[in-house]
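For reference, entry25.pdb is printed below; it contains PDB, C-alpha atoms and all ligand atoms.
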```pdb
ATOM      1  CA  MET A   1    -116.842 -19.063-101.136
ATOM      2  CA  GLN A   2    -117.388 -16.442-103.778
ATOM      3  CA  ILE A   3    -115.334 -13.333-104.507
ATOM      4  CA  ILE A   4    -117.481 -10.320-105.392
ATOM      5  CA  LYS A   5    -115.642  -7.679-107.396
ATOM      6  CA  SER A   6    -118.376  -5.275-108.430
ATOM      7  CA  ILE A   7    -121.264  -3.448-106.835
ATOM      8  CA  ASP A   8    -123.769  -4.774-109.416
ATOM      9  CA  GLU A   9    -122.661  -8.301-108.638
ATOM     10  CA  LEU A  10    -122.987  -7.660-104.902
ATOM     11  CA  GLN A  11    -126.477  -6.276-105.290
ATOM     12  CA  SER A  12    -127.754  -9.154-107.384
ATOM     13  CA  ILE A  13    -126.143 -11.768-105.127
ATOM     14  CA  ARG A  14    -127.590 -10.034-102.103
ATOM     15  CA  LYS A  15    -131.098 -10.323-103.517
ATOM     16  CA  LEU A  16    -130.573 -14.054-103.936
ATOM     17  CA  PHE A  17    -129.181 -14.809-100.527
ATOM     18  CA  VAL A  18    -131.382 -12.635 -98.391
ATOM     19  CA  THR A  19    -134.777 -12.782-100.035
ATOM     20  CA  ASN A  20    -134.980 -16.397-101.048
ATOM     21  CA  PRO A  21    -138.648 -17.200-100.202
ATOM     22  CA  GLU A  22    -137.921 -20.916 -99.951
ATOM     23  CA  ILE A  23    -135.483 -20.404 -97.120
ATOM     24  CA  GLY A  24    -136.972 -17.387 -95.368
ATOM     25  CA  GLU A  25    -135.098 -14.489 -93.811
ATOM     26  CA  ARG A  26    -131.405 -15.047 -93.200
ATOM     27  CA  THR A  27    -129.007 -13.097 -91.011
ATOM     28  CA  VAL A  28    -125.935 -11.496 -92.534
ATOM     29  CA  GLY A  29    -122.756 -11.045 -90.477
ATOM     30  CA  PHE A  30    -120.351  -8.507 -91.935
ATOM     31  CA  ILE A  31    -116.687  -7.834 -91.132
ATOM     32  CA  PRO A  32    -115.140  -4.784 -92.826
ATOM     33  CA  THR A  33    -111.349  -5.061 -93.126
ATOM     34  CA  MET A  34    -108.415  -3.577 -94.998
ATOM     35  CA  GLY A  35    -106.964  -7.029 -95.633
ATOM     36  CA  ALA A  36    -103.581  -8.496 -94.620
ATOM     37  CA  LEU A  37    -105.702 -10.662 -92.364
ATOM     38  CA  HIS A  38    -104.345 -12.046 -89.089
ATOM     39  CA  ASP A  39    -105.735 -13.823 -86.030
ATOM     40  CA  GLY A  40    -107.456 -10.602 -84.866
ATOM     41  CA  HIS A  41    -109.545 -10.508 -88.037
ATOM     42  CA  ILE A  42    -110.043 -14.272 -87.841
ATOM     43  CA  SER A  43    -111.594 -13.979 -84.373
ATOM     44  CA  LEU A  44    -114.153 -11.486 -85.778
ATOM     45  CA  ILE A  45    -114.905 -13.816 -88.703
ATOM     46  CA  LYS A  46    -115.315 -16.844 -86.411
ATOM     47  CA  ASN A  47    -117.660 -14.882 -84.183
ATOM     48  CA  ALA A  48    -119.749 -13.958 -87.226
ATOM     49  CA  ARG A  49    -119.694 -17.541 -88.520
ATOM     50  CA  ILE A  50    -121.143 -18.859 -85.260
ATOM     51  CA  ASN A  51    -123.925 -16.309 -85.141
ATOM     52  CA  ASN A  52    -125.023 -15.691 -88.754
ATOM     53  CA  ASP A  53    -126.416 -17.598 -91.728
ATOM     54  CA  ILE A  54    -124.308 -15.655 -94.211
ATOM     55  CA  VAL A  55    -120.833 -14.208 -93.539
ATOM     56  CA  ILE A  56    -119.357 -11.446 -95.697
ATOM     57  CA  VAL A  57    -115.861  -9.966 -95.338
ATOM     58  CA  SER A  58    -114.891  -6.837 -97.220
ATOM     59  CA  ILE A  59    -111.286  -6.119 -98.137
ATOM     60  CA  PHE A  60    -110.774  -2.509 -99.095
ATOM     61  CA  VAL A  61    -107.924  -0.152 -98.216
ATOM     62  CA  ASN A  62    -109.921   3.032 -97.961
ATOM     63  CA  PRO A  63    -107.959   6.070 -99.236
ATOM     64  CA  THR A  64    -110.176   8.670 -97.567
ATOM     65  CA  GLN A  65    -109.100   7.625 -94.067
ATOM     66  CA  PHE A  66    -105.391   8.162 -94.798
ATOM     67  CA  SER A  67    -103.804  11.596 -94.890
ATOM     68  CA  GLN A  68    -101.207  12.387 -97.550
ATOM     69  CA  ASP A  69     -98.200  11.661 -95.350
ATOM     70  CA  GLU A  70     -99.548   8.298 -94.151
ATOM     71  CA  ASP A  71     -98.890   4.766 -95.380
ATOM     72  CA  PHE A  72    -101.798   4.258 -97.836
ATOM     73  CA  ASP A  73     -99.482   3.284-100.715
ATOM     74  CA  LYS A  74     -97.434   1.007 -98.502
ATOM     75  CA  TYR A  75    -100.357  -0.645 -96.702
ATOM     76  CA  PRO A  76     -99.710  -4.409 -96.874
ATOM     77  CA  LYS A  77    -101.638  -6.299 -99.581
ATOM     78  CA  LYS A  78    -102.036 -10.046 -99.322
ATOM     79  CA  ASP A  79    -105.068 -10.879-101.419
ATOM     80  CA  LYS A  80    -104.201 -14.520-102.090
ATOM     81  CA  ALA A  81    -103.448 -15.353 -98.460
ATOM     82  CA  ASP A  82    -106.544 -13.416 -97.357
ATOM     83  CA  MET A  83    -108.761 -15.465 -99.681
ATOM     84  CA  LYS A  84    -107.317 -18.696 -98.309
ATOM     85  CA  ILE A  85    -107.881 -17.539 -94.716
ATOM     86  CA  CYS A  86    -111.475 -16.564 -95.468
ATOM     87  CA  GLU A  87    -112.139 -19.873 -97.167
ATOM     88  CA  LEU A  88    -110.761 -21.815 -94.186
ATOM     89  CA  CYS A  89    -112.904 -19.723 -91.821
ATOM     90  CA  GLY A  90    -116.089 -20.568 -93.724
ATOM     91  CA  VAL A  91    -116.696 -17.103 -95.173
ATOM     92  CA  ASP A  92    -119.452 -17.127 -97.824
ATOM     93  CA  TYR A  93    -118.497 -13.978 -99.735
ATOM     94  CA  ILE A  94    -115.530 -11.603 -99.921
ATOM     95  CA  PHE A  95    -116.362  -8.170-101.285
ATOM     96  CA  MET A  96    -113.280  -6.576-102.897
ATOM     97  CA  PRO A  97    -114.259  -3.296-104.537
ATOM     98  CA  THR A  98    -111.893  -0.834-106.191
ATOM     99  CA  THR A  99    -111.557   2.796-105.112
ATOM    100  CA  SER A 100    -113.401   4.050-108.197
ATOM    101  CA  MET A 101    -116.335   1.756-107.387
ATOM    102  CA  MET A 102    -116.596   3.030-103.827
ATOM    103  CA  TYR A 103    -116.022   6.700-104.718
ATOM    104  CA  GLN A 104    -117.712   7.692-107.937
ATOM    105  CA  GLY A 105    -116.777  11.374-107.967
ATOM    106  CA  SER A 106    -114.977  14.012-105.942
ATOM    107  CA  ASP A 107    -118.119  15.931-105.001
ATOM    108  CA  GLU A 108    -119.781  13.521-102.591
ATOM    109  CA  VAL A 109    -122.294  13.839 -99.772
ATOM    110  CA  LEU A 110    -119.989  13.549 -96.779
ATOM    111  CA  ILE A 111    -120.235  12.127 -93.287
ATOM    112  CA  LYS A 112    -118.796  14.254 -90.506
ATOM    113  CA  ALA A 113    -117.614  12.463 -87.385
ATOM    114  CA  PRO A 114    -118.822  14.160 -84.172
ATOM    115  CA  LYS A 115    -116.493  16.748 -82.639
ATOM    116  CA  ILE A 116    -116.278  15.341 -79.150
ATOM    117  CA  SER A 117    -114.601  12.117 -80.167
ATOM    118  CA  SER A 118    -113.009  12.839 -83.504
ATOM    119  CA  TYR A 119    -110.891  15.815 -82.476
ATOM    120  CA  ILE A 120    -109.137  13.924 -79.686
ATOM    121  CA  LEU A 121    -106.667  11.013 -79.670
ATOM    122  CA  GLU A 122    -106.740   9.354 -83.114
ATOM    123  CA  GLY A 123    -108.949  12.144 -84.429
ATOM    124  CA  GLU A 124    -106.463  14.778 -83.279
ATOM    125  CA  LYS A 125    -103.408  12.891 -84.536
ATOM    126  CA  ARG A 126    -105.061  11.955 -87.832
ATOM    127  CA  PRO A 127    -107.274  14.864 -88.910
ATOM    128  CA  GLY A 128    -110.153  13.712 -91.120
ATOM    129  CA  HIS A 129    -109.399  10.047 -90.416
ATOM    130  CA  PHE A 130    -112.750   9.260 -88.817
ATOM    131  CA  ASP A 131    -114.715  11.193 -91.456
ATOM    132  CA  GLY A 132    -113.157   8.808 -93.992
ATOM    133  CA  VAL A 133    -113.773   5.751 -91.827
ATOM    134  CA  LEU A 134    -117.446   6.569 -91.260
ATOM    135  CA  GLN A 135    -117.897   7.478 -94.945
ATOM    136  CA  VAL A 136    -116.696   4.107 -96.163
ATOM    137  CA  VAL A 137    -118.317   2.108 -93.364
ATOM    138  CA  LEU A 138    -121.714   3.673 -94.087
ATOM    139  CA  LYS A 139    -121.324   2.954 -97.811
ATOM    140  CA  LEU A 140    -120.431  -0.668 -97.032
ATOM    141  CA  PHE A 141    -123.355  -0.989 -94.602
ATOM    142  CA  ASN A 142    -125.732   0.363 -97.267
ATOM    143  CA  LEU A 143    -124.414  -2.027 -99.901
ATOM    144  CA  ILE A 144    -124.355  -5.131 -97.729
ATOM    145  CA  GLN A 145    -127.271  -4.322 -95.389
ATOM    146  CA  PRO A 146    -125.934  -6.604 -92.677
ATOM    147  CA  THR A 147    -127.846  -7.753 -89.619
ATOM    148  CA  ASP A 148    -124.714  -7.908 -87.474
ATOM    149  CA  VAL A 149    -121.355  -6.174 -87.877
ATOM    150  CA  TYR A 150    -118.158  -7.163 -86.091
ATOM    151  CA  PHE A 151    -115.554  -4.627 -84.942
ATOM    152  CA  GLY A 152    -112.449  -5.070 -82.758
ATOM    153  CA  LYS A 153    -111.890  -3.294 -79.453
ATOM    154  CA  LYS A 154    -108.319  -2.844 -80.749
ATOM    155  CA  ASP A 155    -109.593   0.268 -82.582
ATOM    156  CA  ALA A 156    -111.599   1.470 -79.615
ATOM    157  CA  GLN A 157    -112.341   4.988 -80.851
ATOM    158  CA  GLN A 158    -113.437   3.661 -84.245
ATOM    159  CA  LEU A 159    -115.706   1.142 -82.496
ATOM    160  CA  PHE A 160    -117.234   3.942 -80.415
ATOM    161  CA  LEU A 161    -117.830   6.159 -83.458
ATOM    162  CA  VAL A 162    -119.307   3.418 -85.634
ATOM    163  CA  SER A 163    -121.667   2.493 -82.756
ATOM    164  CA  LYS A 164    -122.604   6.152 -82.447
ATOM    165  CA  MET A 165    -123.238   6.458 -86.187
ATOM    166  CA  ILE A 166    -125.486   3.369 -86.082
ATOM    167  CA  LYS A 167    -127.438   4.941 -83.210
ATOM    168  CA  ASP A 168    -127.552   8.519 -84.528
ATOM    169  CA  LEU A 169    -128.554   7.509 -88.075
ATOM    170  CA  PHE A 170    -131.092   4.877 -86.899
ATOM    171  CA  LEU A 171    -129.361   2.055 -88.768
ATOM    172  CA  ALA A 172    -131.004  -1.309 -88.072
ATOM    173  CA  ILE A 173    -127.686  -3.013 -87.392
ATOM    174  CA  ASN A 174    -126.372  -4.839 -84.347
ATOM    175  CA  ILE A 175    -122.712  -4.072 -83.640
ATOM    176  CA  VAL A 176    -120.673  -6.768 -81.913
ATOM    177  CA  GLU A 177    -117.573  -5.666 -79.967
ATOM    178  CA  CYS A 178    -114.766  -8.227 -80.238
ATOM    179  CA  GLU A 179    -111.868  -8.704 -77.822
ATOM    180  CA  ILE A 180    -108.294  -7.771 -78.758
ATOM    181  CA  VAL A 181    -106.244 -10.722 -79.980
ATOM    182  CA  ARG A 182    -102.574 -10.695 -78.950
ATOM    183  CA  GLU A 183     -99.392 -12.607 -79.664
ATOM    184  CA  GLN A 184     -98.383 -14.938 -76.834
ATOM    185  CA  ASP A 185     -95.955 -12.322 -75.527
ATOM    186  CA  GLY A 186     -98.685  -9.654 -75.369
ATOM    187  CA  LEU A 187     -98.201  -7.633 -78.586
ATOM    188  CA  ALA A 188    -101.609  -6.767 -80.040
ATOM    189  CA  LEU A 189    -101.940  -8.176 -83.552
ATOM    190  CA  SER A 190    -101.892  -5.581 -86.301
ATOM    191  CA  SER A 191    -101.393  -5.721 -90.061
ATOM    192  CA  ARG A 192     -98.597  -3.182 -89.558
ATOM    193  CA  ASN A 193     -96.567  -5.453 -87.217
ATOM    194  CA  ILE A 194     -94.846  -6.996 -90.247
ATOM    195  CA  TYR A 195     -92.961  -3.715 -90.698
ATOM    196  CA  LEU A 196     -91.275  -3.991 -87.276
ATOM    197  CA  SER A 197     -87.593  -4.869 -87.338
ATOM    198  CA  LYS A 198     -86.351  -7.503 -84.876
ATOM    199  CA  GLN A 199     -85.314  -4.846 -82.358
ATOM    200  CA  GLU A 200     -88.526  -2.817 -82.860
ATOM    201  CA  ARG A 201     -90.568  -5.995 -82.305
ATOM    202  CA  VAL A 202     -88.839  -6.332 -78.900
ATOM    203  CA  ASP A 203     -89.310  -2.624 -78.110
ATOM    204  CA  ALA A 204     -93.008  -2.833 -79.066
ATOM    205  CA  LEU A 205     -93.602  -5.178 -76.128
ATOM    206  CA  LYS A 206     -93.312  -2.137 -73.860
ATOM    207  CA  ILE A 207     -96.792  -1.124 -75.037
ATOM    208  CA  SER A 208     -98.710  -4.148 -73.777
ATOM    209  CA  LYS A 209     -96.429  -4.295 -70.736
ATOM    210  CA  SER A 210     -97.370  -0.726 -69.788
ATOM    211  CA  LEU A 211    -101.078  -1.571 -70.121
ATOM    212  CA  LYS A 212    -100.600  -4.670 -67.990
ATOM    213  CA  ILE A 213     -98.865  -2.631 -65.292
ATOM    214  CA  ALA A 214    -101.712  -0.086 -65.441
ATOM    215  CA  ALA A 215    -104.223  -2.889 -64.848
ATOM    216  CA  GLU A 216    -102.132  -4.188 -61.943
ATOM    217  CA  LEU A 217    -101.942  -0.712 -60.388
ATOM    218  CA  ILE A 218    -105.705  -0.365 -60.675
ATOM    219  CA  GLY A 219    -106.057  -3.843 -59.158
ATOM    220  CA  SER A 220    -104.127  -2.581 -56.142
ATOM    221  CA  ASP A 221    -106.464   0.442 -55.817
ATOM    222  CA  GLU A 222    -104.351   3.074 -57.571
ATOM    223  CA  LEU A 223    -107.097   4.930 -59.469
ATOM    224  CA  ASP A 224    -105.373   8.293 -60.076
ATOM    225  CA  SER A 225    -104.971   8.665 -63.851
ATOM    226  CA  LYS A 226    -101.901  10.935 -63.530
ATOM    227  CA  VAL A 227    -100.046   8.393 -61.392
ATOM    228  CA  ILE A 228    -100.953   5.536 -63.756
ATOM    229  CA  ILE A 229     -99.919   7.471 -66.876
ATOM    230  CA  LYS A 230     -96.612   8.456 -65.257
ATOM    231  CA  LYS A 231     -95.798   4.783 -64.556
ATOM    232  CA  MET A 232     -96.820   3.811 -68.091
ATOM    233  CA  LYS A 233     -94.592   6.491 -69.611
ATOM    234  CA  LYS A 234     -91.657   5.154 -67.614
ATOM    235  CA  ILE A 235     -92.180   1.649 -68.975
ATOM    236  CA  MET A 236     -92.542   2.998 -72.507
ATOM    237  CA  GLU A 237     -89.318   5.026 -72.271
ATOM    238  CA  GLY A 238     -87.495   5.139 -75.626
ATOM    239  CA  LEU A 239     -90.676   4.869 -77.694
ATOM    240  CA  ASP A 240     -92.064   7.811 -79.627
ATOM    241  CA  ILE A 241     -95.318   8.071 -77.624
ATOM    242  CA  GLU A 242     -98.131   9.998 -79.347
ATOM    243  CA  TYR A 243    -100.578   9.682 -76.492
ATOM    244  CA  ILE A 244    -101.489   7.745 -73.387
ATOM    245  CA  ALA A 245    -105.057   8.466 -72.336
ATOM    246  CA  ILE A 246    -107.481   7.312 -69.695
ATOM    247  CA  VAL A 247    -111.063   7.882 -70.808
ATOM    248  CA  ASP A 248    -114.546   6.654 -70.088
ATOM    249  CA  ARG A 249    -116.574   4.620 -72.602
ATOM    250  CA  SER A 250    -117.732   7.883 -74.239
ATOM    251  CA  PHE A 251    -114.135   9.045 -74.607
ATOM    252  CA  SER A 252    -114.210  11.820 -71.990
ATOM    253  CA  ASN A 253    -110.955  12.121 -70.057
ATOM    254  CA  LEU A 254    -111.019  10.603 -66.587
ATOM    255  CA  ASP A 255    -108.970  11.999 -63.689
ATOM    256  CA  THR A 256    -109.907   8.929 -61.699
ATOM    257  CA  VAL A 257    -110.380   5.457 -63.094
ATOM    258  CA  SER A 258    -113.973   4.320 -62.852
ATOM    259  CA  LEU A 259    -114.171   0.521 -62.717
ATOM    260  CA  GLY A 260    -116.256  -0.951 -65.544
ATOM    261  CA  ASN A 261    -116.269   2.327 -67.463
ATOM    262  CA  THR A 262    -112.648   3.006 -68.377
ATOM    263  CA  ILE A 263    -110.451   2.519 -71.421
ATOM    264  CA  ILE A 264    -106.697   3.126 -71.277
ATOM    265  CA  LEU A 265    -105.318   3.852 -74.728
ATOM    266  CA  VAL A 266    -101.839   4.079 -76.159
ATOM    267  CA  ALA A 267    -100.588   5.222 -79.564
ATOM    268  CA  THR A 268     -96.904   5.168 -80.302
ATOM    269  CA  LYS A 269     -94.483   4.954 -83.157
ATOM    270  CA  VAL A 270     -92.009   2.093 -82.928
ATOM    271  CA  GLY A 271     -89.596   2.989 -85.682
ATOM    272  CA  ARG A 272     -91.737   3.658 -88.723
ATOM    273  CA  PRO A 273     -94.884   1.705 -87.795
ATOM    274  CA  ARG A 274     -97.494   3.451 -85.683
ATOM    275  CA  LEU A 275     -99.072   1.046 -83.204
ATOM    276  CA  LEU A 276    -102.263   1.271 -81.144
ATOM    277  CA  ASP A 277    -103.266  -0.718 -78.100
ATOM    278  CA  ASN A 278    -105.693  -0.390 -75.226
ATOM    279  CA  ILE A 279    -107.219  -2.121 -72.273
ATOM    280  CA  TRP A 280    -110.812  -1.942 -71.031
ATOM    281  CA  ILE A 281    -111.096  -1.740 -67.243
TER
HETATM  282  P1  LIG A 301    -108.378  -3.338 -90.219
HETATM  283  O1  LIG A 301    -108.182  -4.389 -91.272
HETATM  284  O2  LIG A 301    -107.123  -2.930 -89.525
HETATM  285  O3  LIG A 301    -109.221  -2.172 -90.708
HETATM  286  O4  LIG A 301    -109.260  -4.035 -89.081
HETATM  287  C1  LIG A 301    -110.491  -4.623 -89.363
HETATM  288  C2  LIG A 301    -111.166  -4.990 -88.054
HETATM  289  O5  LIG A 301    -110.351  -5.914 -87.335
HETATM  290  C3  LIG A 301    -111.388  -3.781 -87.132
HETATM  291  O6  LIG A 301    -112.669  -3.886 -86.531
HETATM  292  C4  LIG A 301    -110.282  -3.946 -86.121
HETATM  293  O7  LIG A 301    -110.574  -3.369 -84.861
HETATM  294  C5  LIG A 301    -110.195  -5.454 -86.018
HETATM  295  N1  LIG A 301    -108.882  -5.854 -85.476
HETATM  296  C6  LIG A 301    -107.664  -5.480 -85.940
HETATM  297  N2  LIG A 301    -106.692  -6.001 -85.140
HETATM  298  C7  LIG A 301    -107.327  -6.694 -84.154
HETATM  299  C8  LIG A 301    -106.879  -7.443 -83.026
HETATM  300  N3  LIG A 301    -105.592  -7.582 -82.731
HETATM  301  N4  LIG A 301    -107.816  -8.018 -82.227
HETATM  302  C9  LIG A 301    -109.142  -7.873 -82.507
HETATM  303  N5  LIG A 301    -109.618  -7.180 -83.561
HETATM  304  C10 LIG A 301    -108.732  -6.594 -84.367
END
```
Translate this structure into structure tokens?
Amino acid sequence: MQIIKSIDELQSIRKLFVTNPEIGERTVGFIPTMGALHDGHISLIKNARINNDIVIVSIFVNPTQFSQDEDFDKYPKKDKADMKICELCGVDYIFMPTTSMMYQGSDEVLIKAPKISSYILEGEKRPGHFDGVLQVVLKLFNLIQPTDVYFGKKDAQQLFLVSKMIKDLFLAINIVECEIVREQDGLALSSRNIYLSKQERVDALKISKSLKIAAELIGSDELDSKVIIKKMKKIMEGLDIEYIAIVDRSFSNLDTVSLGNTIILVATKVGRPRLLDNIWI
């Protein structure tokens, strides 16, 4: 495994590994991350390892997707552990750029996330967040030129918007949607879970529990979104809920659950950490 720390290095290595005439064309699987890797990231890496000749992970905490009052400065950093994890997972290259490498000036050509999906849910709660996400993801795609990219359903709205960017900008990239990885007791893995106190860790279980109850209600033919959300709110009592939403795969609100085309999403603060979870019905 090789650590790539500059864009020049990445570009020259890329020439070697992709256009080696003796070997022929090789597929490149890419997993963009912000580091502090856990089993959720590992499942994306393993998926890429099975399906690609070359696997590249990027570790970059992207400042443009954080607003001023968010946790950019406090985002967990675990470079050494991350390198070990990547090595054990058979990653070929880790790309670890600095902010000044990724953003060369303040007056950049910008990417604007589409209105319909960026001004609701995460987009509404975190203005500008998805502009920053798409900006950095497009830069990384252009640098790495992957064949396949791996994103988690955990960040469902991000997954939707990156897929839409790939489609709208005619990028020749296949996006692979990966299932949410959870702790045994149901809590969705997140780099921010380490900031939960013992009690908050217990309280956070209400999130996955509420999604489980929603799935059970739907299983017993309760398809009315209002009724489902009301039950979920009851289970999540005591948490600082930012939103509970029932949407279709294009992120339009659904009054009635449509089987095979519904995502139920939750965002809530549990103490200081802000946690996201969802379930695809
Ligand atoms: P992050 O490092 O938080 O930017 O996440 C990098 C990628 O890992 C994104 O595509 C996330 O959706 C994905 N991811 C994060 N947590 C999980 C999880 N619990 N299960 C599956 N994928 C995840």
**OP:** Specify as a ChimeraX atom specification each residue included when the PyMOL selection byres (((chain A and resi 188-199) around 10) and not hetatm) is applied to this file.
**Re:** /A:34-41,71,74-77,154,180-187,200-205,207-208,270-278
**OP:** Excluding stretch 118-128 of chain A and any residue of its chain fewer than 6 positions from it, enumerate the residues within 10 Å of it, using only C-alpha atoms, and give them as a PyMOL selection string.
**Re:** chain A and resi 64-67+70+112+155-158+161+242-245+251-253+265-267+276
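The residue that comes closest to ligand LIG 301 (chain A), out of A:Leu134, A:Ile42, A:Leu211, A:Met96 and on the basis of all atoms listed in the file, is A:Ile42.
Pairwise distance (atom CA of A:Ser58, atom CA of A:Phe95) equals 4.5 Å.
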Subject >> Residues in the PyMOL selection byres (((chain A and resi 102) around 9) and not hetatm), expressed as an MDAnalysis selection string >> reply: chainID A and resid 7 62 97:101 103:104 136 139:140
Subject >> Picked residues, the PyMOL selection byres (((chain A and resi 141) around 12) and not hetatm), expected as number ranges by chain >> reply: A: 28-32, 56-58, 134-140, 142-150, 162, 165-166, 169, 171-175
Missing atoms in stretch 119-126 of chain A need filling: write out all heavy atoms for it as a tab-separated table (two decimals), keeping the file's coordinate frame.
```tsv
chain	number	residue	atom	x	y	z
A	119	TYR	N	-111.97	14.83	-82.54
A	119	TYR	CA	-110.89	15.82	-82.48
A	119	TYR	C	-109.90	15.50	-81.36
A	119	TYR	O	-109.02	16.29	-81.08
A	119	TYR	CB	-111.45	17.23	-82.32
A	119	TYR	CG	-112.19	17.72	-83.55
A	119	TYR	CD1	-112.31	16.92	-84.69
A	119	TYR	CD2	-112.77	18.98	-83.59
A	119	TYR	CE1	-113.00	17.35	-85.81
A	119	TYR	CE2	-113.45	19.43	-84.71
A	119	TYR	CZ	-113.56	18.61	-85.82
A	119	TYR	OH	-114.24	19.04	-86.94
A	120	ILE	N	-110.09	14.33	-80.72
A	120	ILE	CA	-109.14	13.92	-79.69
A	120	ILE	C	-108.47	12.61	-80.10
A	120	ILE	O	-108.94	11.92	-81.00
A	120	ILE	CB	-109.81	13.74	-78.31
A	120	ILE	CG1	-110.97	12.73	-78.44
A	120	ILE	CG2	-110.27	15.05	-77.74
A	120	ILE	CD1	-111.49	12.22	-77.13
A	121	LEU	N	-107.39	12.28	-79.45
A	121	LEU	CA	-106.67	11.01	-79.67
A	121	LEU	C	-106.44	10.75	-81.15
A	121	LEU	O	-105.79	11.53	-81.82
A	121	LEU	CB	-107.42	9.85	-78.98
A	121	LEU	CG	-107.74	10.08	-77.49
A	121	LEU	CD1	-108.56	8.95	-76.94
A	121	LEU	CD2	-106.49	10.27	-76.68
A	122	GLU	N	-106.97	9.65	-81.69
A	122	GLU	CA	-106.74	9.35	-83.11
A	122	GLU	C	-107.24	10.48	-84.01
A	122	GLU	O	-106.64	10.80	-85.03
A	122	GLU	CB	-107.46	8.05	-83.51
A	122	GLU	CG	-106.81	6.81	-83.00
A	122	GLU	CD	-105.35	6.72	-83.41
A	122	GLU	OE1	-105.09	6.42	-84.58
A	122	GLU	OE2	-104.49	6.97	-82.55
A	123	GLY	N	-108.37	11.07	-83.63
A	123	GLY	CA	-108.95	12.14	-84.43
A	123	GLY	C	-108.03	13.36	-84.48
A	123	GLY	O	-107.92	14.03	-85.50
A	124	GLU	N	-107.37	13.63	-83.34
A	124	GLU	CA	-106.46	14.78	-83.28
A	124	GLU	C	-105.18	14.47	-84.05
A	124	GLU	O	-104.68	15.31	-84.81
A	124	GLU	CB	-106.14	15.10	-81.81
A	124	GLU	CG	-105.35	16.37	-81.67
A	124	GLU	CD	-104.85	16.59	-80.25
A	124	GLU	OE1	-105.21	15.81	-79.35
A	124	GLU	OE2	-104.08	17.53	-80.06
A	125	LYS	N	-104.68	13.26	-83.87
A	125	LYS	CA	-103.41	12.89	-84.54
A	125	LYS	C	-103.60	12.68	-86.04
A	125	LYS	O	-102.66	12.82	-86.81
A	125	LYS	CB	-102.83	11.60	-83.93
A	125	LYS	CG	-102.47	11.71	-82.47
A	125	LYS	CD	-101.27	12.63	-82.28
A	125	LYS	CE	-101.05	12.93	-80.82
A	125	LYS	NZ	-100.20	14.08	-80.60
A	126	ARG	N	-104.81	12.26	-86.42
A	126	ARG	CA	-105.06	11.96	-87.83
A	126	ARG	C	-106.28	12.74	-88.31
A	126	ARG	O	-107.38	12.18	-88.46
A	126	ARG	CB	-105.28	10.45	-88.01
A	126	ARG	CG	-104.17	9.58	-87.43
A	126	ARG	CD	-104.43	8.10	-87.66
A	126	ARG	NE	-104.36	7.74	-89.07
A	126	ARG	CZ	-104.69	6.53	-89.55
A	126	ARG	NH1	-105.11	5.59	-88.74
A	126	ARG	NH2	-104.62	6.27	-90.85
```
